[in-house]
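Listing of coords-v7.pdb, PDB, C-alpha atoms
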```pdb
ATOM      1  CA  MET X 183      -1.132 -11.393 -43.119
ATOM      2  CA  ILE X 184      -3.939 -10.920 -40.609
ATOM      3  CA  GLN X 185      -5.353 -14.212 -39.403
ATOM      4  CA  ASP X 186      -9.051 -14.393 -40.267
ATOM      5  CA  LEU X 187     -11.087 -15.185 -37.163
ATOM      6  CA  ALA X 188     -14.412 -14.046 -38.595
ATOM      7  CA  GLY X 189     -17.233 -15.444 -36.479
ATOM      8  CA  ARG X 190     -14.926 -17.325 -34.129
ATOM      9  CA  ARG X 191     -16.491 -17.371 -30.643
ATOM     10  CA  VAL X 192     -13.790 -16.747 -28.040
ATOM     11  CA  VAL X 193     -13.699 -16.486 -24.249
ATOM     12  CA  VAL X 194     -10.645 -14.773 -22.746
ATOM     13  CA  THR X 195     -10.059 -15.000 -19.003
ATOM     14  CA  GLY X 196      -7.947 -12.388 -17.246
ATOM     15  CA  GLY X 197      -9.238  -9.822 -19.709
ATOM     16  CA  ALA X 198      -9.059  -6.800 -17.415
ATOM     17  CA  SER X 199      -5.309  -6.268 -17.612
ATOM     18  CA  GLY X 200      -1.995  -7.331 -19.086
ATOM     19  CA  MET X 201      -1.861  -9.894 -21.864
ATOM     20  CA  GLY X 202      -5.523 -10.827 -21.418
ATOM     21  CA  ALA X 203      -6.584  -7.233 -21.993
ATOM     22  CA  GLY X 204      -4.328  -7.061 -25.046
ATOM     23  CA  LEU X 205      -6.113 -10.077 -26.517
ATOM     24  CA  VAL X 206      -9.566  -8.681 -25.703
ATOM     25  CA  ARG X 207      -8.602  -5.549 -27.644
ATOM     26  CA  ALA X 208      -6.967  -7.330 -30.574
ATOM     27  CA  LEU X 209      -9.071 -10.402 -31.364
ATOM     28  CA  PRO X 210     -12.270  -8.501 -32.300
ATOM     29  CA  LEU X 211     -10.200  -6.574 -34.854
ATOM     30  CA  ARG X 212      -9.524  -9.927 -36.488
ATOM     31  CA  GLY X 213     -13.191 -10.801 -36.679
ATOM     32  CA  ALA X 214     -13.630 -12.810 -33.482
ATOM     33  CA  ARG X 215     -16.586 -12.396 -31.158
ATOM     34  CA  VAL X 216     -15.099 -12.105 -27.681
ATOM     35  CA  VAL X 217     -16.332 -12.422 -24.114
ATOM     36  CA  SER X 218     -13.895 -11.271 -21.436
ATOM     37  CA  LEU X 219     -13.943 -12.821 -17.954
ATOM     38  CA  ASP X 220     -12.179 -11.296 -14.958
ATOM     39  CA  VAL X 221     -12.590 -10.811 -11.231
ATOM     40  CA  THR X 222     -11.874  -7.070 -11.580
ATOM     41  CA  GLU X 223     -15.170  -5.689 -12.834
ATOM     42  CA  ALA X 224     -14.571  -1.983 -13.440
ATOM     43  CA  ALA X 225     -11.398  -2.401 -15.474
ATOM     44  CA  GLY X 226     -12.729  -5.516 -17.177
ATOM     45  CA  ARG X 227     -15.903  -3.810 -18.346
ATOM     46  CA  ALA X 228     -13.973  -0.756 -19.556
ATOM     47  CA  VAL X 229     -11.536  -2.802 -21.646
ATOM     48  CA  ALA X 230     -14.293  -4.975 -23.098
ATOM     49  CA  GLN X 231     -16.581  -2.049 -23.912
ATOM     50  CA  ALA X 232     -13.808  -0.167 -25.697
ATOM     51  CA  ALA X 233     -13.022  -3.268 -27.758
ATOM     52  CA  GLY X 234     -16.608  -4.101 -28.668
ATOM     53  CA  ALA X 235     -16.478  -7.246 -26.526
ATOM     54  CA  HIS X 236     -18.795  -8.496 -23.785
ATOM     55  CA  PHE X 237     -17.740  -8.741 -20.133
ATOM     56  CA  VAL X 238     -18.757 -11.240 -17.442
ATOM     57  CA  PRO X 239     -17.338 -11.133 -13.899
ATOM     58  CA  VAL X 240     -15.830 -14.347 -12.561
ATOM     59  CA  ASP X 241     -13.699 -15.752  -9.765
ATOM     60  CA  VAL X 242     -11.763 -18.509 -11.535
ATOM     61  CA  SER X 243     -11.063 -20.288  -8.246
ATOM     62  CA  GLU X 244     -14.769 -20.820  -7.461
ATOM     63  CA  PRO X 245     -16.671 -23.611  -9.281
ATOM     64  CA  ASP X 246     -20.108 -21.957  -9.184
ATOM     65  CA  SER X 247     -18.735 -18.630 -10.395
ATOM     66  CA  VAL X 248     -16.876 -20.269 -13.281
ATOM     67  CA  ALA X 249     -19.825 -22.418 -14.342
ATOM     68  CA  ALA X 250     -22.195 -19.449 -14.319
ATOM     69  CA  ALA X 251     -19.784 -17.156 -16.175
ATOM     70  CA  MET X 252     -18.974 -19.733 -18.854
ATOM     71  CA  GLY X 253     -22.656 -20.448 -19.312
ATOM     72  CA  GLU X 254     -23.448 -16.751 -19.722
ATOM     73  CA  ALA X 255     -20.548 -16.323 -22.134
ATOM     74  CA  ALA X 256     -21.606 -19.289 -24.279
ATOM     75  CA  GLU X 257     -25.198 -18.082 -24.308
ATOM     76  CA  HIS X 258     -24.109 -14.613 -25.397
ATOM     77  CA  LEU X 259     -21.902 -16.044 -28.158
ATOM     78  CA  GLY X 260     -24.306 -18.775 -29.233
ATOM     79  CA  GLY X 261     -21.725 -21.454 -28.450
ATOM     80  CA  LEU X 262     -17.980 -21.566 -27.991
ATOM     81  CA  ASP X 263     -15.017 -22.209 -30.284
ATOM     82  CA  VAL X 264     -12.009 -21.081 -28.227
ATOM     83  CA  LEU X 265     -11.069 -20.638 -24.579
ATOM     84  CA  VAL X 266      -7.978 -18.512 -23.960
ATOM     85  CA  HIS X 267      -7.269 -18.931 -20.262
ATOM     86  CA  ALA X 268      -4.865 -16.103 -19.387
ATOM     87  CA  ALA X 269      -5.954 -15.369 -15.796
ATOM     88  CA  GLY X 270      -3.274 -15.888 -13.175
ATOM     89  CA  ILE X 271      -1.225 -14.384 -10.360
ATOM     90  CA  ALA X 272       2.532 -14.408  -9.750
ATOM     91  CA  PRO X 273       3.431 -13.289  -6.224
ATOM     92  CA  ALA X 274       7.021 -13.555  -5.066
ATOM     93  CA  GLY X 275       8.234 -15.962  -2.413
ATOM     94  CA  SER X 276      11.060 -18.488  -2.169
ATOM     95  CA  GLY X 277      10.383 -22.049  -1.114
ATOM     96  CA  THR X 278      11.212 -21.329   2.525
ATOM     97  CA  GLU X 279       9.357 -18.002   2.541
ATOM     98  CA  THR X 280       6.143 -19.343   0.997
ATOM     99  CA  GLU X 281       3.532 -19.797   3.716
ATOM    100  CA  PRO X 282       0.605 -22.215   3.287
ATOM    101  CA  GLU X 283      -1.834 -19.324   2.756
ATOM    102  CA  LEU X 284       0.192 -17.974  -0.183
ATOM    103  CA  TRP X 285       0.644 -21.460  -1.628
ATOM    104  CA  ASP X 286      -3.094 -22.130  -1.457
ATOM    105  CA  ARG X 287      -3.993 -18.763  -3.016
ATOM    106  CA  VAL X 288      -1.632 -19.223  -5.957
ATOM    107  CA  MET X 289      -2.767 -22.796  -6.538
ATOM    108  CA  ALA X 290      -6.424 -21.746  -6.297
ATOM    109  CA  VAL X 291      -6.100 -19.125  -9.025
ATOM    110  CA  ASN X 292      -3.501 -20.688 -11.324
ATOM    111  CA  ALA X 293      -3.945 -24.462 -11.080
ATOM    112  CA  ARG X 294      -7.527 -24.805  -9.831
ATOM    113  CA  GLY X 295      -8.572 -21.922 -12.087
ATOM    114  CA  THR X 296      -7.190 -23.717 -15.134
ATOM    115  CA  TYR X 297      -8.981 -26.933 -14.207
ATOM    116  CA  LEU X 298     -12.295 -25.176 -13.516
ATOM    117  CA  THR X 299     -12.354 -22.973 -16.616
ATOM    118  CA  ASN X 300     -11.286 -25.785 -18.925
ATOM    119  CA  ARG X 301     -13.831 -28.177 -17.464
ATOM    120  CA  ALA X 302     -16.599 -25.575 -17.707
ATOM    121  CA  ALA X 303     -15.747 -24.899 -21.359
ATOM    122  CA  PHE X 304     -15.677 -28.573 -22.316
ATOM    123  CA  PRO X 305     -19.444 -29.141 -22.821
ATOM    124  CA  TYR X 306     -19.613 -26.198 -25.233
ATOM    125  CA  LEU X 307     -16.417 -27.028 -27.110
ATOM    126  CA  SER X 308     -17.323 -30.702 -27.458
ATOM    127  CA  VAL X 309     -20.350 -29.872 -29.629
ATOM    128  CA  GLN X 310     -18.198 -29.397 -32.732
ATOM    129  CA  GLY X 311     -14.610 -29.242 -31.503
ATOM    130  CA  GLY X 312     -12.515 -26.229 -30.582
ATOM    131  CA  ARG X 313      -9.404 -24.833 -28.960
ATOM    132  CA  VAL X 314      -8.158 -24.403 -25.400
ATOM    133  CA  LEU X 315      -5.088 -22.212 -24.855
ATOM    134  CA  ASN X 316      -3.840 -22.257 -21.275
ATOM    135  CA  PHE X 317      -1.282 -19.660 -20.205
ATOM    136  CA  ALA X 318       1.589 -21.453 -18.525
ATOM    137  CA  SER X 319       5.147 -20.207 -18.059
ATOM    138  CA  ALA X 320       8.763 -21.155 -18.524
ATOM    139  CA  ALA X 321       8.703 -21.271 -14.713
ATOM    140  CA  GLY X 322       6.611 -24.429 -14.953
ATOM    141  CA  VAL X 323       9.349 -26.075 -17.029
ATOM    142  CA  GLN X 324      12.547 -24.670 -15.522
ATOM    143  CA  GLY X 325      11.435 -23.544 -12.069
ATOM    144  CA  HIS X 326      11.685 -19.946 -10.860
ATOM    145  CA  PRO X 327      13.788 -19.140  -7.785
ATOM    146  CA  GLY X 328      11.933 -16.539  -5.760
ATOM    147  CA  LYS X 329       8.510 -17.581  -7.088
ATOM    148  CA  ALA X 330       8.202 -21.139  -5.826
ATOM    149  CA  ALA X 331       4.408 -21.397  -5.613
ATOM    150  CA  TYR X 332       3.977 -19.727  -9.002
ATOM    151  CA  ALA X 333       6.411 -22.152 -10.644
ATOM    152  CA  ALA X 334       4.683 -25.136  -9.048
ATOM    153  CA  SER X 335       1.259 -23.930 -10.143
ATOM    154  CA  LYS X 336       2.407 -23.507 -13.739
ATOM    155  CA  GLY X 337       3.919 -26.994 -13.639
ATOM    156  CA  ALA X 338       0.443 -28.215 -12.730
ATOM    157  CA  VAL X 339      -1.012 -26.265 -15.668
ATOM    158  CA  LEU X 340       1.381 -28.022 -18.044
ATOM    159  CA  ALA X 341       0.576 -31.500 -16.702
ATOM    160  CA  TRP X 342      -3.164 -30.796 -16.860
ATOM    161  CA  THR X 343      -2.867 -29.463 -20.416
ATOM    162  CA  ARG X 344      -1.028 -32.548 -21.669
ATOM    163  CA  THR X 345      -3.503 -34.852 -19.943
ATOM    164  CA  VAL X 346      -6.719 -33.368 -21.297
ATOM    165  CA  ALA X 347      -5.132 -32.882 -24.720
ATOM    166  CA  VAL X 348      -5.204 -36.680 -24.956
ATOM    167  CA  GLU X 349      -8.538 -37.165 -23.201
ATOM    168  CA  TRP X 350     -10.369 -34.556 -25.270
ATOM    169  CA  ALA X 351      -8.821 -35.352 -28.661
ATOM    170  CA  PRO X 352     -11.751 -37.643 -29.613
ATOM    171  CA  TYR X 353     -13.980 -34.557 -29.366
ATOM    172  CA  GLN X 354     -11.708 -32.629 -31.770
ATOM    173  CA  ILE X 355     -10.682 -30.290 -28.949
ATOM    174  CA  THR X 356      -7.041 -29.226 -29.000
ATOM    175  CA  VAL X 357      -5.411 -28.134 -25.748
ATOM    176  CA  ASN X 358      -2.104 -26.282 -25.783
ATOM    177  CA  ALA X 359      -0.079 -24.217 -23.318
ATOM    178  CA  ILE X 360       1.411 -20.795 -24.012
ATOM    179  CA  ALA X 361       4.649 -19.793 -22.256
ATOM    180  CA  PRO X 362       4.888 -16.042 -22.890
ATOM    181  CA  ALA X 363       7.554 -13.504 -22.009
ATOM    182  CA  ILE X 364       5.698 -10.283 -22.790
ATOM    183  CA  TRP X 365       6.066  -6.713 -21.513
ATOM    184  CA  THR X 366       2.974  -5.715 -19.493
ATOM    185  CA  PRO X 367       1.984  -2.874 -17.147
ATOM    186  CA  MET X 368       2.745  -5.216 -14.240
ATOM    187  CA  TYR X 369       6.316  -5.483 -15.517
ATOM    188  CA  ASP X 370       6.468  -1.679 -15.690
ATOM    189  CA  THR X 371       5.491  -1.617 -12.017
ATOM    190  CA  THR X 372       8.193  -4.161 -11.196
ATOM    191  CA  ARG X 373      10.817  -2.103 -13.009
ATOM    192  CA  ALA X 374       9.673   1.080 -11.272
ATOM    193  CA  SER X 375      10.220  -0.580  -7.890
ATOM    194  CA  MET X 376      13.903  -1.251  -8.632
ATOM    195  CA  SER X 377      16.807   1.018  -7.766
ATOM    196  CA  LEU X 378      18.959   2.269 -10.631
ATOM    197  CA  GLU X 379      21.579  -0.355  -9.773
ATOM    198  CA  GLN X 380      19.016  -3.148  -9.626
ATOM    199  CA  LEU X 381      17.462  -2.066 -12.910
ATOM    200  CA  ALA X 382      20.848  -1.978 -14.629
ATOM    201  CA  ALA X 383      21.652  -5.479 -13.372
ATOM    202  CA  HIS X 384      18.237  -6.705 -14.426
ATOM    203  CA  ASP X 385      18.646  -5.360 -17.951
ATOM    204  CA  VAL X 386      22.059  -7.002 -18.267
ATOM    205  CA  MET X 387      20.480 -10.299 -17.213
ATOM    206  CA  MET X 388      17.634  -9.884 -19.723
ATOM    207  CA  ALA X 389      20.082  -9.124 -22.530
ATOM    208  CA  LYS X 390      21.592 -12.570 -21.951
ATOM    209  CA  ALA X 391      18.335 -14.415 -21.223
ATOM    210  CA  VAL X 392      16.374 -13.306 -24.291
ATOM    211  CA  PRO X 393      18.333 -14.050 -27.489
ATOM    212  CA  LEU X 394      15.918 -12.069 -29.680
ATOM    213  CA  GLY X 395      16.322  -8.458 -28.627
ATOM    214  CA  GLY X 396      17.327  -8.898 -25.003
ATOM    215  CA  ARG X 397      13.973  -7.766 -23.604
ATOM    216  CA  LEU X 398      10.382  -8.906 -23.180
ATOM    217  CA  GLY X 399       8.145  -8.991 -26.239
ATOM    218  CA  ASP X 400       5.278  -6.763 -27.306
ATOM    219  CA  VAL X 401       1.678  -7.920 -26.876
ATOM    220  CA  ASP X 402       0.383  -6.759 -30.248
ATOM    221  CA  ARG X 403       3.431  -7.495 -32.370
ATOM    222  CA  ASP X 404       4.663 -10.720 -30.776
ATOM    223  CA  LEU X 405       1.820 -12.425 -28.884
ATOM    224  CA  VAL X 406      -1.414 -11.574 -30.708
ATOM    225  CA  PRO X 407      -0.414 -13.093 -34.083
ATOM    226  CA  VAL X 408       0.526 -16.381 -32.403
ATOM    227  CA  ILE X 409      -2.709 -16.560 -30.409
ATOM    228  CA  ALA X 410      -4.716 -15.670 -33.520
ATOM    229  CA  PHE X 411      -3.098 -18.528 -35.433
ATOM    230  CA  LEU X 412      -3.734 -20.977 -32.595
ATOM    231  CA  CYS X 413      -7.401 -19.906 -32.472
ATOM    232  CA  GLY X 414      -7.840 -20.677 -36.156
ATOM    233  CA  ASP X 415      -8.159 -23.665 -38.450
ATOM    234  CA  GLY X 416      -4.438 -23.790 -39.198
ATOM    235  CA  ALA X 417      -3.708 -25.141 -35.716
ATOM    236  CA  ARG X 418      -6.144 -28.071 -35.890
ATOM    237  CA  PHE X 419      -3.334 -30.679 -35.830
ATOM    238  CA  MET X 420      -1.438 -29.224 -32.860
ATOM    239  CA  THR X 421      -2.235 -30.349 -29.318
ATOM    240  CA  GLY X 422      -0.558 -31.031 -25.986
ATOM    241  CA  GLN X 423       2.276 -28.616 -26.765
ATOM    242  CA  VAL X 424       4.105 -25.934 -24.793
ATOM    243  CA  LEU X 425       4.410 -23.017 -27.208
ATOM    244  CA  ALA X 426       6.953 -20.472 -26.014
ATOM    245  CA  VAL X 427       6.519 -16.872 -27.182
ATOM    246  CA  ASP X 428       9.591 -15.566 -25.443
ATOM    247  CA  GLY X 429      12.351 -14.529 -27.817
ATOM    248  CA  GLY X 430      14.140 -17.844 -27.345
ATOM    249  CA  THR X 431      14.332 -17.856 -23.551
ATOM    250  CA  LEU X 432      12.907 -21.366 -23.195
ATOM    251  CA  MET X 433      14.909 -23.648 -25.470
ATOM    252  CA  LEU X 434      15.319 -27.396 -25.509
ATOM    253  CA  ARG X 435      18.666 -28.112 -23.875
TER     254      ARG X 435
END
```

Any chance you could give the structure as structure tokens?
Amino acid sequence: MIQDLAGRRVVVTGGASGMGAGLVRALPLRGARVVSLDVTEAAGRAVAQAAGAHFVPVDVSEPDSVAAAMGEAAEHLGGLDVLVHAAGIAPAGSGTETEPELWDRVMAVNARGTYLTNRAAFPYLSVQGGRVLNFASAAGVQGHPGKAAYAASKGAVLAWTRTVAVEWAPYQITVNAIAPAIWTPMYDTTRASMSLEQLAAHDVMMAKAVPLGGRLGDVDRDLVPVIAFLCGDGARFMTGQVLAVDGGTLMLR
């Protein structure tokens, strides 16, 4: 059954590509009014226009940019019911290979970006309550060898999410974290960069890591229905949770 989001006012960050773009395309089909925010203007505008959504450029690491973009989005929508914060970066680098510049860049986009977008959305959501969905990662729970800064930044996202879930509960704002394992164009690029031997080894690893199907999920089939539910009234009593959409990769041990 399609989740009814008729009239729901939604901001999606990271809407120019990947999972964010998938949500910008899908949520209007379920009745939501959507504003897409992204630093990449050309692609962001194209995706939003094709979906019947509105686009506003933003740098999620800059306070003035975020405040202005969220204000424009809320004005366009006539308020705000949901923030889906999907923007993020995931460069590679082990703990010893990660230089301060890379660490700071990842933290600025992933951790600082979560803080800034959530804080900017709060005044609009607090009017009558609403939803915040922050994209985290299993890396923030389990760690991720080879992506040390990324894992650390997503750990910060989880701690922030749990904290403001408590602080903002009196305003009827729920704050949850999504830990997705979804096939995106970026993953296609990663696969294309592998040798045949590396790709074969990778697929063997994935077959063991993902109990349901042995591969990453599909945006429309696996992620969109979950996000749609979490945007709606049925999720009003859920907050401070890490919700894994990953075929069983992240399980309680």

Measuring between all atoms listed in the file, which one of X:Gly275, X:Gly422, X:Gly234, X:Gly414 shows the shortest distance to X:Trp342?
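Distance minimum relative to X:Trp342 lands on X:Gly422.
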
Apply the PyMOL selection byres ((chain X and resi 320-328) around 8) to the displayed file and report the matching residues as a PyMOL selection string.
chain X and resi 274-277+318-319+329-330+332-340+361-362+426+432

Assuming the chain letters and numbering stay as they are in my file, what does the PyMOL selection byres ((chain X and resi 295-301) around 9) actually select? List them as an mmCIF file with C-alpha atoms, in the frame of the given file.
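Now in selection.cif:
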```cif
data_model
loop_
_atom_site.group_PDB
_atom_site.id
_atom_site.type_symbol
_atom_site.label_atom_id
_atom_site.label_comp_id
_atom_site.auth_asym_id
_atom_site.auth_seq_id
_atom_site.Cartn_x
_atom_site.Cartn_y
_atom_site.Cartn_z
ATOM 1 C CA THR X 195 -10.059 -15.000 -19.003
ATOM 2 C CA ASP X 241 -13.699 -15.752 -9.765
ATOM 3 C CA VAL X 242 -11.763 -18.509 -11.535
ATOM 4 C CA SER X 243 -11.063 -20.288 -8.246
ATOM 5 C CA GLU X 244 -14.769 -20.820 -7.461
ATOM 6 C CA PRO X 245 -16.671 -23.611 -9.281
ATOM 7 C CA VAL X 248 -16.876 -20.269 -13.281
ATOM 8 C CA ALA X 249 -19.825 -22.418 -14.342
ATOM 9 C CA MET X 252 -18.974 -19.733 -18.854
ATOM 10 C CA LEU X 265 -11.069 -20.638 -24.579
ATOM 11 C CA HIS X 267 -7.269 -18.931 -20.262
ATOM 12 C CA ALA X 269 -5.954 -15.369 -15.796
ATOM 13 C CA GLY X 270 -3.274 -15.888 -13.175
ATOM 14 C CA MET X 289 -2.767 -22.796 -6.538
ATOM 15 C CA ALA X 290 -6.424 -21.746 -6.297
ATOM 16 C CA VAL X 291 -6.100 -19.125 -9.025
ATOM 17 C CA ASN X 292 -3.501 -20.688 -11.324
ATOM 18 C CA ALA X 293 -3.945 -24.462 -11.080
ATOM 19 C CA ARG X 294 -7.527 -24.805 -9.831
ATOM 20 C CA ALA X 302 -16.599 -25.575 -17.707
ATOM 21 C CA ALA X 303 -15.747 -24.899 -21.359
ATOM 22 C CA PHE X 304 -15.677 -28.573 -22.316
ATOM 23 C CA PRO X 305 -19.444 -29.141 -22.821
ATOM 24 C CA VAL X 314 -8.158 -24.403 -25.400
ATOM 25 C CA ASN X 316 -3.840 -22.257 -21.275
ATOM 26 C CA PHE X 317 -1.282 -19.660 -20.205
ATOM 27 C CA VAL X 339 -1.012 -26.265 -15.668
ATOM 28 C CA TRP X 342 -3.164 -30.796 -16.860
ATOM 29 C CA THR X 343 -2.867 -29.463 -20.416
#
```

At a cut-off of 9 Å, using all atoms listed in the file, what residues contact X:Thr431? Leave out same-chain residues fewer than 6 positions from it and give the result as a ChimeraX atom specification.
/X:320,363,391-394

Residues within 8 Å of (-1.3, -29.8, -24.0), file coordinates, counting all atoms listed in the file: what are they? Give the list as a PyMOL selection string.
chain X and resi 340-348+356-359+421-424

Explicit residue set for the PyMOL selection byres ((chain X and resi 353) around 10), as a list in words
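Expected selection for the PyMOL selection byres ((chain X and resi 353) around 10) here is Phe304, Leu307, Ser308, Val309, Gln310, Gly311, Gly312, Glu349, Trp350, Ala351, Pro352, Gln354, Ile355 and Thr356 of chain X.
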
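You will find atom CA of X:Ala256 at 21.6 Å from atom CA of X:Phe411.
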
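With atom CA of X:Met368 on one side and atom CA of X:Ala268 on the other, the separation reads 14.2 Å.
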
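Interatomic distance, atom CA of X:Gly395 against atom CA of X:Ala383: 16.4 Å.
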
Distance query X:Ala208 at most 10 Å, all atoms listed in the file, self and fewer than 3 positions along chain excluded, as a PyMOL selection string
chain X and resi 202-205+211-214+216+233+401-402+406-407+410

Please list as a PDB file with C-alpha atoms, keeping the file's coordinate frame every residue within 8 Å of X:Tyr306, counting only C-alpha atoms and excluding residues in the same chain fewer than 5 positions away.
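selection37.pdb, written as the output of this step:
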```
ATOM      1  CA  ALA X 256     -21.606 -19.289 -24.279  1.00  0.00           C
ATOM      2  CA  GLY X 261     -21.725 -21.454 -28.450  1.00  0.00           C
ATOM      3  CA  LEU X 262     -17.980 -21.566 -27.991  1.00  0.00           C
ATOM      4  CA  ASP X 263     -15.017 -22.209 -30.284  1.00  0.00           C
TER       5      ASP X 263
END
```

With all atoms listed in the file as the atoms that count, which of X:Asp220, X:Ser247, X:Asp400, X:Tyr369 lies nearest to X:Leu381?
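Comparing X:Asp220, X:Ser247, X:Asp400, X:Tyr369 against X:Leu381, the winner is X:Tyr369.
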
Using all atoms listed in the file, which of the listed residues (X:Ala417, X:Ala225, X:Val386, X:Leu219) sits closest to X:Phe237?
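Result for the nearest residue to X:Phe237: X:Leu219.
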
Padded axis-aligned box of stretch 229-239 of chain X (3 Å per side), centre and edge lengths, Å, one decimal, as lines of an AutoDock Vina configuration file:
```
center_x = -15.2
center_y = -5.7
center_z = -21.3
size_x = 13.3
size_y = 17.1
size_z = 20.8
```

Which is closer to X:Arg397 than all the others in X:Ala382, X:Ala374, X:Val427, X:Ile364, using only C-alpha atoms?
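Using only C-alpha atoms, the shortest distance to X:Arg397 belongs to X:Ile364.
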
Surrounding residues of X:Ser218 excluding itself and chain neighbours under 4 positions, 9 Å, only C-alpha atoms, as a PyMOL selection string
chain X and resi 192-198+202-203+206+226-227+229-230+235-239+255
